[in-house]
$ cat input_20.txt   # compact mmCIF, C-alpha atoms and all ligand atoms
# COMPACT_ATOMS: atom_id res chain seq x y z
CA MET H 1180 0.00 0.00 0.00
CA GLU H 1181 1.12 3.52 -0.80
CA TYR H 1182 0.28 6.37 1.60
CA ARG H 1183 -0.40 9.95 0.56
CA ARG H 1184 -0.69 13.16 2.50
CA LEU H 1185 -4.25 14.27 3.00
CA GLY H 1186 -3.92 17.55 1.13
CA ARG H 1187 -1.50 19.85 2.91
CA SER H 1188 -2.06 18.16 6.28
CA GLY H 1189 0.52 15.83 7.80
CA LEU H 1190 -1.97 12.94 7.87
CA GLN H 1191 -0.98 9.92 5.75
CA VAL H 1192 -3.94 8.12 4.19
CA SER H 1193 -3.79 4.85 2.28
CA THR H 1194 -4.22 5.33 -1.49
CA LEU H 1195 -7.24 3.01 -1.34
CA SER H 1196 -9.72 3.31 1.50
CA LEU H 1197 -13.05 1.67 2.31
CA GLY H 1198 -16.48 3.23 2.77
CA SER H 1199 -19.80 1.99 4.12
CA TRP H 1200 -22.50 3.73 2.03
CA VAL H 1201 -25.35 1.36 1.07
CA THR H 1202 -23.41 -1.63 2.37
CA TYR H 1203 -23.13 -1.50 6.19
CA HIS H 1204 -26.33 -2.55 7.98
CA THR H 1205 -28.22 -3.10 4.67
CA GLN H 1206 -25.95 -5.65 2.94
CA VAL H 1207 -23.13 -6.13 5.45
CA ASN H 1208 -23.78 -7.05 9.08
CA THR H 1209 -21.37 -6.51 11.98
CA SER H 1210 -19.54 -9.80 11.63
CA ALA H 1211 -19.05 -9.36 7.86
CA ALA H 1212 -17.97 -5.75 8.42
CA THR H 1213 -15.46 -6.90 11.03
CA GLU H 1214 -14.04 -9.42 8.58
CA MET H 1215 -13.81 -6.81 5.82
CA LEU H 1216 -12.19 -4.18 8.02
CA ALA H 1217 -9.65 -6.76 9.20
CA ALA H 1218 -8.83 -7.73 5.60
CA ALA H 1219 -8.57 -4.06 4.62
CA MET H 1220 -6.20 -3.30 7.49
CA ASP H 1221 -4.11 -6.38 6.60
CA ALA H 1222 -3.75 -4.95 3.10
CA GLY H 1223 -2.63 -1.57 4.47
CA ILE H 1224 -5.91 0.36 4.28
CA ASN H 1225 -5.98 2.83 7.16
CA PHE H 1226 -9.02 4.99 6.36
CA PHE H 1227 -12.67 4.00 6.77
CA ASP H 1228 -15.40 6.35 5.58
CA ASN H 1229 -18.83 6.75 7.10
CA ALA H 1230 -21.63 9.31 7.47
CA GLU H 1231 -24.40 10.08 9.94
CA ILE H 1232 -27.03 9.55 7.22
CA TYR H 1233 -25.84 6.09 6.07
CA ALA H 1234 -28.54 3.55 6.98
CA GLY H 1235 -30.07 6.19 9.27
CA GLY H 1236 -27.13 6.09 11.71
CA GLN H 1237 -26.87 2.28 11.69
CA SER H 1238 -23.78 2.27 9.45
CA GLU H 1239 -21.92 4.12 12.23
CA VAL H 1240 -23.22 1.59 14.75
CA VAL H 1241 -22.01 -1.38 12.65
CA MET H 1242 -18.58 0.18 12.08
CA GLY H 1243 -18.27 1.07 15.76
CA GLU H 1244 -19.10 -2.51 16.77
CA ALA H 1245 -16.49 -3.79 14.30
CA PHE H 1246 -13.83 -1.45 15.73
CA LYS H 1247 -14.71 -2.67 19.22
CA ALA H 1248 -14.32 -6.31 18.15
CA LEU H 1249 -11.06 -5.64 16.33
CA LYS H 1250 -9.44 -3.83 19.30
CA TRP H 1251 -7.05 -1.94 17.01
CA PRO H 1252 -4.86 0.73 18.60
CA ARG H 1253 -6.73 3.98 17.93
CA LEU H 1254 -3.59 5.48 16.38
CA ASN H 1255 -3.61 2.85 13.61
CA TYR H 1256 -6.81 3.85 11.85
CA ILE H 1257 -8.58 6.91 10.54
CA VAL H 1258 -12.37 7.11 10.55
CA SER H 1259 -14.70 9.76 9.20
CA THR H 1260 -18.28 10.86 9.39
CA LYS H 1261 -20.32 13.53 7.62
CA PHE H 1262 -23.12 15.87 8.59
CA PHE H 1263 -25.92 17.65 6.76
CA TRP H 1264 -29.14 15.69 6.27
CA GLY H 1265 -29.68 14.79 9.92
CA LEU H 1266 -31.59 11.80 11.24
CA ALA H 1267 -34.94 13.42 11.98
CA ASN H 1268 -38.09 13.06 9.97
CA ARG H 1269 -38.84 16.41 8.34
CA ASP H 1270 -42.48 16.31 9.54
CA GLU H 1271 -41.51 15.60 13.15
CA PRO H 1272 -42.12 18.40 15.67
CA GLY H 1273 -38.75 19.87 16.65
CA SER H 1274 -37.03 18.91 13.39
CA ALA H 1275 -36.56 22.49 12.15
CA ASN H 1276 -32.91 22.55 13.17
CA ARG H 1277 -32.24 18.89 12.59
CA VAL H 1278 -32.52 18.35 8.83
CA ASN H 1279 -30.65 19.64 5.76
CA THR H 1280 -28.55 22.14 7.62
CA LEU H 1281 -25.02 23.07 8.62
CA ASN H 1282 -26.06 25.45 11.37
CA ARG H 1283 -24.12 25.48 14.62
CA LYS H 1284 -26.96 24.03 16.68
CA TYR H 1285 -27.27 20.93 14.48
CA LEU H 1286 -23.52 20.37 14.01
CA MET H 1287 -22.76 20.52 17.73
CA HIS H 1288 -25.42 17.86 18.44
CA ALA H 1289 -24.53 15.78 15.37
CA ILE H 1290 -20.92 15.16 16.37
CA ASP H 1291 -22.03 13.92 19.79
CA GLY H 1292 -24.51 11.54 18.17
CA SER H 1293 -21.88 10.08 15.85
CA LEU H 1294 -19.38 9.65 18.69
CA ALA H 1295 -22.02 7.78 20.72
CA ARG H 1296 -23.06 5.52 17.81
CA MET H 1297 -19.45 4.66 16.97
CA GLY H 1298 -18.37 4.36 20.59
CA LEU H 1299 -15.36 6.61 19.99
CA ASP H 1300 -13.86 9.56 21.87
CA PHE H 1301 -13.09 11.46 18.67
CA ILE H 1302 -13.54 11.14 14.91
CA ASP H 1303 -10.53 11.79 12.69
CA LEU H 1304 -12.21 13.41 9.69
CA VAL H 1305 -15.53 15.23 9.78
CA TYR H 1306 -17.20 16.53 6.65
CA CYS H 1307 -19.97 18.95 5.80
CA HIS H 1308 -21.78 16.44 3.58
CA ARG H 1309 -23.34 19.07 1.26
CA PRO H 1310 -23.35 22.89 1.13
CA ASP H 1311 -26.12 24.70 3.02
CA PRO H 1312 -27.06 27.99 1.36
CA ALA H 1313 -29.31 28.85 4.33
CA THR H 1314 -26.44 29.04 6.85
CA PRO H 1315 -23.64 31.63 6.60
CA ILE H 1316 -20.38 29.87 5.75
CA GLU H 1317 -18.72 31.62 8.70
CA GLU H 1318 -21.15 29.99 11.15
CA THR H 1319 -20.33 26.54 9.73
CA VAL H 1320 -16.58 27.18 9.68
CA ARG H 1321 -16.64 28.24 13.34
CA ALA H 1322 -18.68 25.18 14.37
CA MET H 1323 -16.40 22.74 12.47
CA SER H 1324 -13.31 24.45 13.85
CA ASP H 1325 -14.76 24.29 17.38
CA MET H 1326 -15.36 20.53 17.01
CA ILE H 1327 -11.62 20.20 16.52
CA THR H 1328 -10.74 22.60 19.35
CA GLN H 1329 -13.03 20.59 21.66
CA GLY H 1330 -11.12 17.42 20.76
CA LYS H 1331 -14.13 15.73 19.15
CA ALA H 1332 -12.57 15.72 15.66
CA LEU H 1333 -9.10 16.12 14.20
CA TYR H 1334 -9.56 17.50 10.67
CA TRP H 1335 -12.56 18.87 8.80
CA GLY H 1336 -13.57 19.19 5.20
CA THR H 1337 -16.45 19.35 2.76
CA SER H 1338 -18.27 17.04 0.37
CA GLU H 1339 -19.64 18.22 -2.97
CA TRP H 1340 -19.17 21.90 -2.18
CA PRO H 1341 -18.71 24.39 -5.03
CA ALA H 1342 -15.12 25.64 -5.36
CA ASP H 1343 -16.19 29.19 -4.43
CA ASP H 1344 -17.67 28.01 -1.11
CA ILE H 1345 -14.56 25.97 -0.25
CA ARG H 1346 -12.41 29.00 -1.03
CA ALA H 1347 -14.67 31.21 1.10
CA ALA H 1348 -14.51 28.78 4.04
CA TRP H 1349 -10.72 28.58 3.77
CA ASP H 1350 -10.40 32.39 3.68
CA ILE H 1351 -12.66 32.81 6.74
CA ALA H 1352 -10.62 30.26 8.68
CA GLU H 1353 -7.36 31.92 7.61
CA LYS H 1354 -8.61 35.38 8.60
CA HIS H 1355 -9.86 34.32 12.04
CA HIS H 1356 -7.11 31.76 12.80
CA LEU H 1357 -9.59 28.90 12.84
CA HIS H 1358 -8.98 25.30 11.74
CA LYS H 1359 -9.11 25.30 7.94
CA PRO H 1360 -10.90 22.75 5.75
CA VAL H 1361 -8.22 20.35 4.50
CA MET H 1362 -10.13 17.96 2.25
CA GLU H 1363 -13.08 17.61 -0.11
CA GLN H 1364 -15.02 14.45 -0.86
CA PRO H 1365 -16.24 14.60 -4.46
CA GLN H 1366 -17.61 11.97 -6.79
CA TYR H 1367 -14.82 11.04 -9.20
CA HIS H 1368 -14.67 8.23 -11.74
CA LEU H 1369 -14.20 7.72 -15.47
CA PHE H 1370 -17.69 9.07 -16.20
CA HIS H 1371 -17.71 11.92 -13.66
CA ARG H 1372 -14.77 14.30 -13.86
CA GLU H 1373 -15.68 17.97 -14.28
CA ARG H 1374 -15.48 19.11 -10.67
CA VAL H 1375 -12.19 17.37 -9.81
CA GLU H 1376 -10.44 18.14 -13.08
CA LYS H 1377 -11.74 21.65 -13.80
CA GLU H 1378 -13.74 23.35 -11.05
CA TYR H 1379 -11.32 22.55 -8.21
CA ALA H 1380 -8.14 23.06 -10.27
CA ARG H 1381 -7.49 26.50 -8.76
CA LEU H 1382 -7.73 25.19 -5.20
CA TYR H 1383 -5.06 22.46 -5.14
CA ALA H 1384 -1.89 24.54 -5.08
CA ASP H 1385 -3.56 27.53 -3.48
CA THR H 1386 -5.35 26.05 -0.45
CA GLY H 1387 -3.63 22.65 -0.43
CA LEU H 1388 -6.98 20.90 -0.83
CA GLY H 1389 -6.81 17.10 -0.60
CA LEU H 1390 -9.39 14.81 -2.19
CA THR H 1391 -11.00 11.69 -0.73
CA THR H 1392 -12.99 10.66 -3.79
CA TRP H 1393 -16.17 8.54 -3.88
CA SER H 1394 -17.79 5.92 -6.15
CA PRO H 1395 -14.74 4.92 -8.22
CA LEU H 1396 -16.87 2.26 -9.95
CA ALA H 1397 -19.91 4.52 -10.50
CA SER H 1398 -21.84 2.29 -8.07
CA GLY H 1399 -20.74 -0.85 -9.94
CA LEU H 1400 -21.34 0.27 -13.55
CA LEU H 1401 -17.59 0.21 -14.25
CA THR H 1402 -17.33 -3.46 -13.31
CA GLY H 1403 -19.38 -4.35 -16.42
CA LYS H 1404 -22.00 -6.18 -14.33
CA TYR H 1405 -24.87 -4.04 -15.66
CA ALA H 1406 -24.25 -4.82 -19.37
CA ASN H 1407 -27.29 -7.08 -19.63
CA GLY H 1408 -29.63 -5.57 -17.07
CA ILE H 1409 -29.66 -5.42 -13.29
CA PRO H 1410 -28.22 -8.58 -11.71
CA GLU H 1411 -29.93 -10.05 -8.68
CA GLY H 1412 -28.27 -9.15 -5.41
CA SER H 1413 -26.51 -6.08 -6.84
CA ARG H 1414 -26.84 -2.49 -5.59
CA GLY H 1415 -29.04 -1.72 -8.59
CA ALA H 1416 -31.55 -4.33 -7.42
CA LEU H 1417 -31.99 -2.80 -3.95
CA ALA H 1418 -35.45 -1.34 -3.37
CA ASN H 1419 -34.30 2.17 -2.41
CA MET H 1420 -31.64 2.48 -5.13
CA GLY H 1421 -34.08 3.11 -7.99
CA PHE H 1422 -32.52 6.53 -8.58
CA LEU H 1423 -29.40 4.75 -9.90
CA THR H 1424 -31.19 2.55 -12.46
CA LYS H 1425 -31.03 4.88 -15.46
CA GLY H 1426 -27.32 5.54 -15.02
CA LEU H 1427 -26.43 1.88 -14.39
CA LEU H 1428 -28.25 0.74 -17.53
CA ASP H 1429 -27.04 3.56 -19.80
CA PRO H 1430 -26.32 1.79 -23.13
CA ALA H 1431 -23.49 4.12 -24.25
CA LYS H 1432 -21.72 3.83 -20.90
CA ASN H 1433 -22.09 0.05 -20.81
CA ALA H 1434 -20.66 -0.11 -24.35
CA ALA H 1435 -17.72 2.01 -23.19
CA VAL H 1436 -17.18 -0.30 -20.20
CA ALA H 1437 -16.97 -3.25 -22.64
CA GLN H 1438 -14.23 -1.36 -24.53
CA LEU H 1439 -12.44 -0.57 -21.25
CA ALA H 1440 -12.58 -4.28 -20.43
CA VAL H 1441 -10.54 -4.96 -23.58
CA VAL H 1442 -7.84 -2.52 -22.39
CA ALA H 1443 -8.01 -4.10 -18.93
CA ASP H 1444 -7.62 -7.56 -20.41
CA GLU H 1445 -4.44 -6.50 -22.19
CA LEU H 1446 -3.11 -5.30 -18.82
CA SER H 1447 -4.15 -8.59 -17.18
CA CYS H 1448 -6.64 -6.92 -14.86
CA SER H 1449 -10.39 -6.43 -14.53
CA ALA H 1450 -12.33 -3.37 -15.72
CA ALA H 1451 -13.01 -2.55 -12.05
CA GLN H 1452 -9.31 -2.64 -11.16
CA LEU H 1453 -8.53 -0.44 -14.16
CA ALA H 1454 -11.22 2.08 -13.16
CA ILE H 1455 -10.01 2.28 -9.55
CA ALA H 1456 -6.36 2.60 -10.61
CA TRP H 1457 -7.35 5.40 -13.03
CA VAL H 1458 -8.78 7.43 -10.11
CA ALA H 1459 -5.68 6.81 -7.99
CA LYS H 1460 -3.47 7.96 -10.87
CA ASN H 1461 -4.67 11.55 -10.38
CA PRO H 1462 -2.07 13.19 -8.09
CA HIS H 1463 -4.71 15.41 -6.47
CA VAL H 1464 -6.46 12.34 -5.10
CA SER H 1465 -5.27 11.61 -1.56
CA THR H 1466 -7.35 8.44 -1.28
CA VAL H 1467 -9.86 6.56 -3.43
CA ILE H 1468 -12.76 5.50 -1.23
CA THR H 1469 -13.86 2.11 -2.52
CA GLY H 1470 -17.03 0.22 -1.63
CA ALA H 1471 -17.65 -3.51 -1.33
CA SER H 1472 -20.69 -5.58 -0.39
CA LYS H 1473 -18.57 -8.74 -0.23
CA LEU H 1474 -15.10 -9.61 0.99
CA SER H 1475 -14.21 -11.02 -2.44
CA GLN H 1476 -14.87 -7.60 -4.01
CA LEU H 1477 -12.55 -5.92 -1.55
CA HIS H 1478 -9.77 -8.43 -2.30
CA SER H 1479 -10.25 -8.00 -6.02
CA ASN H 1480 -10.38 -4.19 -5.86
CA LEU H 1481 -7.13 -4.09 -3.92
CA GLY H 1482 -5.54 -5.49 -7.10
CA ALA H 1483 -5.93 -1.99 -8.56
CA LEU H 1484 -2.69 -1.08 -6.80
CA ASP H 1485 -0.76 -3.40 -9.13
CA VAL H 1486 -2.37 -1.75 -12.16
CA LEU H 1487 -1.19 1.78 -11.28
CA PRO H 1488 2.35 1.36 -12.73
CA LYS H 1489 0.82 -0.01 -15.94
CA LEU H 1490 -1.08 3.22 -16.64
CA THR H 1491 1.42 4.66 -19.11
CA PRO H 1492 0.59 7.84 -21.07
CA GLU H 1493 -0.36 5.62 -24.00
CA VAL H 1494 -2.78 3.54 -21.90
CA MET H 1495 -4.22 6.70 -20.30
CA ALA H 1496 -4.85 8.13 -23.77
CA ARG H 1497 -6.74 4.99 -24.80
CA ILE H 1498 -8.85 5.09 -21.62
CA ASP H 1499 -9.56 8.76 -22.23
CA ALA H 1500 -10.62 8.21 -25.82
CA ILE H 1501 -13.19 5.66 -24.65
CA SER H 1502 -14.56 7.36 -21.53
CA ALA H 1503 -14.01 11.14 -21.74
CA PRO H 1504 -16.74 11.78 -24.36
CA LEU H 1505 -19.32 10.30 -21.94
CA ALA H 1506 -18.04 11.98 -18.79
CA GLU H 1507 -19.97 14.63 -16.87
N1 LIG K 1 -19.63 12.02 0.08
C1 LIG K 1 -20.62 11.50 -0.58
O1 LIG K 1 -21.61 12.15 -0.90
C2 LIG K 1 -20.55 10.04 -0.94
C3 LIG K 1 -21.49 9.49 -1.83
C4 LIG K 1 -21.36 8.14 -2.15
C5 LIG K 1 -20.35 7.38 -1.60
N2 LIG K 1 -19.47 7.95 -0.71
C6 LIG K 1 -18.39 7.15 -0.08
O2 LIG K 1 -17.63 6.47 -1.07
C7 LIG K 1 -17.66 5.07 -0.80
C8 LIG K 1 -17.56 4.30 -2.08
O3 LIG K 1 -18.67 4.63 -2.91
P1 LIG K 1 -19.43 3.46 -3.67
O4 LIG K 1 -19.78 2.38 -2.71
O5 LIG K 1 -20.49 4.09 -4.48
O6 LIG K 1 -18.21 2.93 -4.60
P2 LIG K 1 -18.24 2.16 -5.98
O7 LIG K 1 -16.90 1.53 -6.10
O8 LIG K 1 -18.65 3.05 -7.09
O9 LIG K 1 -19.38 1.04 -5.82
C9 LIG K 1 -19.20 0.03 -4.88
C10 LIG K 1 -20.22 -1.07 -5.13
O10 LIG K 1 -19.98 -1.68 -6.41
C11 LIG K 1 -20.07 -3.10 -6.29
N3 LIG K 1 -18.71 -3.64 -6.45
C12 LIG K 1 -17.57 -3.17 -5.87
N4 LIG K 1 -16.51 -3.91 -6.27
C13 LIG K 1 -16.98 -4.83 -7.12
C14 LIG K 1 -16.36 -5.85 -7.86
N5 LIG K 1 -15.05 -6.05 -7.80
N6 LIG K 1 -17.15 -6.64 -8.64
C15 LIG K 1 -18.48 -6.45 -8.73
N7 LIG K 1 -19.13 -5.48 -8.03
C16 LIG K 1 -18.38 -4.68 -7.24
C17 LIG K 1 -20.63 -3.38 -4.89
O11 LIG K 1 -22.05 -3.29 -4.93
P3 LIG K 1 -23.02 -4.57 -5.12
O12 LIG K 1 -22.25 -5.82 -4.84
O13 LIG K 1 -24.12 -4.34 -4.15
O14 LIG K 1 -23.51 -4.49 -6.54
C18 LIG K 1 -20.10 -2.19 -4.12
O15 LIG K 1 -20.80 -1.93 -2.94
C19 LIG K 1 -18.97 4.88 -0.01
O16 LIG K 1 -18.95 3.70 0.77
C20 LIG K 1 -18.96 6.10 0.85
O17 LIG K 1 -18.09 5.92 1.96
C21 LIG K 1 -19.56 9.26 -0.40

$ encode --input "input_20.txt" --output "structure tokens"
Amino acid sequence: MEYRRLGRSGLQVSTLSLGSWVTYHTQVNTSAATEMLAAAMDAGINFFDNAEIYAGGQSEVVMGEAFKALKWPRLNYIVSTKFFWGLANRDEPGSANRVNTLNRKYLMHAIDGSLARMGLDFIDLVYCHRPDPATPIEETVRAMSDMITQGKALYWGTSEWPADDIRAAWDIAEKHHLHKPVMEQPQYHLFHRERVEKEYARLYADTGLGLTTWSPLASGLLTGKYANGIPEGSRGALANMGFLTKGLLDPAKNAAVAQLAVVADELSCSAAQLAIAWVAKNPHVSTVITGASKLSQLHSNLGALDVLPKLTPEVMARIDAISAPLAE
């Protein structure tokens, strides 16, 4: 495993990391999660991604139980969570400050909830899971910075924020000597590139922004498993994942994945390994957050590390010719 600095911070994150969206609680129970985390750590993965909203808080519970069972020294692993949507039902009395917000009131309660669900004293990385136009950025920056000052978190960042908002948050923190945002968590894969490659370009050297990217396989599309419809037992077949169906079955993208599989075959790897390695090849990416519903997928995806040195300029050009025209 290779380790990279998380942006300009001194924190070293493994090039591949493991997240729990969709999987933990829904597809992966505590004992399977424990097995997967152990295998990930054995392979050198040191960062595990989570969020308050995943499985309505239950993903944090499952990961916390796995950490407890594994008894790892706390210094050996990095764990994250993210705040924005909240866990309350929008129609519930008292929910006004508990949903879709980054206000100080919500954030200060949210961190305590995540710590309790995970059974931890602090969380390494905390993210503002989406921007909140209804809260002044300064209020959010102060709350996130205070979480760190209070010892409840170590670093903070954003997820899917516009570049202008990240820049504004960084400037506010700089001006008031607060803890600055050090990382962003954007979607980044062969079919989704604009933000990472263009919009954020001005931030890397300037603010030292690090990236912890999500969905390297476009939810599984880049494995090629959706070429002939939605396979049973896949993410696309889950009842609440209907919003992914159109994208997963996109004929042009599935045709491109078949072409990528030919390139992968020549490199003696799978299309999934090629797609994950392609994300890791971007030097602005601190860590590629992978996902797996089965241990075998995790093992296979770790093979992407061996593909990285095979991504020569010539191979990258071929991958680009196939995928770039379809990328958002
Ligand atoms: N910040 C955000 O807004 C945000 C949003 C989304 C995700 N994330 C983070 O990023 C992490 C990764 O995202 P993701 O889960 O969408 O990643 P992904 O790599 O695009 O998709 C992972 C899913 O693809 C399937 N898969 C993975 N490897 C496979 C293989 N080798 N062969 C066949 N199928 C395979 C599995 O689903 P099935 O087996 O069920 O088909 C797996 O759960 C999440 O866990 C989360 O931590 C963050």

$ residues_around --input "input_20.txt" --residues "Gly1236 in chain H" --least-positions-apart "6" --cutoff "10 Å" --atoms "all atoms listed in the file" --output "ChimeraX atom specification"
/H:1204,1229-1230,1265-1266,1292-1293,1296-1297

$ residues_near_ligand --input "input_20.txt" --ligand "ligand LIG 1 (chain K)" --cutoff "6 Å" --atoms "all atoms listed in the file" --output "ChimeraX atom specification"
/H:1198-1200,1202,1228-1229,1338,1364,1393-1399,1402,1413-1414,1451,1468-1472,1476,1479-1480

$ closest_residue --input "input_20.txt" --among "H:Asn1255, H:Gln1329, H:Thr1391, H:Thr1280" --to "Pro1462 in chain H" --atoms "all atoms listed in the file"
H:Thr1391

$ atom_distance --input "input_20.txt" --atom1 "CA of Asp1350 in chain H" --atom2 "CA of Gly1330 in chain H"
22.7 Å

$ residues_around --input "input_20.txt" --residues "Arg1277 in chain H" --least-positions-apart "4" --cutoff "9 Å" --atoms "all atoms listed in the file" --output "JSON, numbers by chain"
{"H": [1263, 1264, 1265, 1266, 1267, 1268, 1269, 1273, 1284, 1285, 1286, 1289]}

$ write_last_selection --input "input_20.txt" --atoms "C-alpha atoms" --output "CSV table (one decimal), in the coordinates of the input"
chain,number,residue,atom,x,y,z
H,1263,PHE,CA,-25.9,17.6,6.8
H,1264,TRP,CA,-29.1,15.7,6.3
H,1265,GLY,CA,-29.7,14.8,9.9
H,1266,LEU,CA,-31.6,11.8,11.2
H,1267,ALA,CA,-34.9,13.4,12.0
H,1268,ASN,CA,-38.1,13.1,10.0
H,1269,ARG,CA,-38.8,16.4,8.3
H,1273,GLY,CA,-38.8,19.9,16.6
H,1284,LYS,CA,-27.0,24.0,16.7
H,1285,TYR,CA,-27.3,20.9,14.5
H,1286,LEU,CA,-23.5,20.4,14.0
H,1289,ALA,CA,-24.5,15.8,15.4

$ residues_around --input "input_20.txt" --residues "Gly1408 in chain H" --least-positions-apart "4" --cutoff "12 Å" --atoms "all atoms listed in the file" --output "number ranges by chain"
H: 1400, 1403-1404, 1413, 1415-1416, 1424-1430, 1433

$ atom_distance --input "input_20.txt" --atom1 "CA of Asp1270 in chain H" --atom2 "CA of Gly1235 in chain H"
16.0 Å

$ atom_distance --input "input_20.txt" --atom1 "CA of Tyr1256 in chain H" --atom2 "CA of Leu1481 in chain H"
17.7 Å

$ residues_around --input "input_20.txt" --residues "Ala1217 in chain H" --least-positions-apart "4" --cutoff "12 Å" --atoms "only C-alpha atoms" --output "count of residues only"
23

$ decode --input "input_20.txt" --residues "range 1409-1422 of chain H" --atoms "N, CA and C atoms" --output "PDB file, in the first residue's frame"
ATOM      1  N   ILE H1409     -30.051  -5.531 -14.705  1.00  0.00           N
ATOM      2  CA  ILE H1409     -29.660  -5.425 -13.290  1.00  0.00           C
ATOM      3  C   ILE H1409     -29.537  -6.811 -12.662  1.00  0.00           C
ATOM      4  N   PRO H1410     -28.345  -7.240 -12.305  1.00  0.00           N
ATOM      5  CA  PRO H1410     -28.222  -8.581 -11.714  1.00  0.00           C
ATOM      6  C   PRO H1410     -28.826  -8.662 -10.311  1.00  0.00           C
ATOM      7  N   GLU H1411     -29.366  -9.795 -10.013  1.00  0.00           N
ATOM      8  CA  GLU H1411     -29.932 -10.050  -8.683  1.00  0.00           C
ATOM      9  C   GLU H1411     -28.838  -9.866  -7.630  1.00  0.00           C
ATOM     10  N   GLY H1412     -29.219  -9.283  -6.513  1.00  0.00           N
ATOM     11  CA  GLY H1412     -28.270  -9.149  -5.409  1.00  0.00           C
ATOM     12  C   GLY H1412     -27.321  -7.975  -5.551  1.00  0.00           C
ATOM     13  N   SER H1413     -27.413  -7.225  -6.655  1.00  0.00           N
ATOM     14  CA  SER H1413     -26.511  -6.079  -6.842  1.00  0.00           C
ATOM     15  C   SER H1413     -27.133  -4.820  -6.222  1.00  0.00           C
ATOM     16  N   ARG H1414     -26.340  -3.764  -6.120  1.00  0.00           N
ATOM     17  CA  ARG H1414     -26.844  -2.495  -5.592  1.00  0.00           C
ATOM     18  C   ARG H1414     -28.046  -2.013  -6.407  1.00  0.00           C
ATOM     19  N   GLY H1415     -27.960  -2.187  -7.718  1.00  0.00           N
ATOM     20  CA  GLY H1415     -29.041  -1.718  -8.592  1.00  0.00           C
ATOM     21  C   GLY H1415     -30.361  -2.401  -8.320  1.00  0.00           C
ATOM     22  N   ALA H1416     -30.309  -3.581  -7.694  1.00  0.00           N
ATOM     23  CA  ALA H1416     -31.547  -4.334  -7.416  1.00  0.00           C
ATOM     24  C   ALA H1416     -32.150  -3.959  -6.063  1.00  0.00           C
ATOM     25  N   LEU H1417     -31.469  -3.157  -5.275  1.00  0.00           N
ATOM     26  CA  LEU H1417     -31.989  -2.803  -3.947  1.00  0.00           C
ATOM     27  C   LEU H1417     -33.180  -1.855  -4.099  1.00  0.00           C
ATOM     28  N   ALA H1418     -34.177  -2.068  -3.246  1.00  0.00           N
ATOM     29  CA  ALA H1418     -35.446  -1.339  -3.368  1.00  0.00           C
ATOM     30  C   ALA H1418     -35.272   0.184  -3.374  1.00  0.00           C
ATOM     31  N   ASN H1419     -34.411   0.705  -2.518  1.00  0.00           N
ATOM     32  CA  ASN H1419     -34.301   2.172  -2.408  1.00  0.00           C
ATOM     33  C   ASN H1419     -33.226   2.771  -3.313  1.00  0.00           C
ATOM     34  N   MET H1420     -32.706   1.993  -4.258  1.00  0.00           N
ATOM     35  CA  MET H1420     -31.640   2.483  -5.132  1.00  0.00           C
ATOM     36  C   MET H1420     -32.147   2.762  -6.546  1.00  0.00           C
ATOM     37  N   GLY H1421     -33.471   2.884  -6.677  1.00  0.00           N
ATOM     38  CA  GLY H1421     -34.075   3.106  -7.991  1.00  0.00           C
ATOM     39  C   GLY H1421     -33.499   4.325  -8.712  1.00  0.00           C
ATOM     40  N   PHE H1422     -33.052   5.310  -7.944  1.00  0.00           N
ATOM     41  CA  PHE H1422     -32.523   6.529  -8.584  1.00  0.00           C
ATOM     42  C   PHE H1422     -31.249   6.264  -9.391  1.00  0.00           C
TER      43      PHE H1422
END
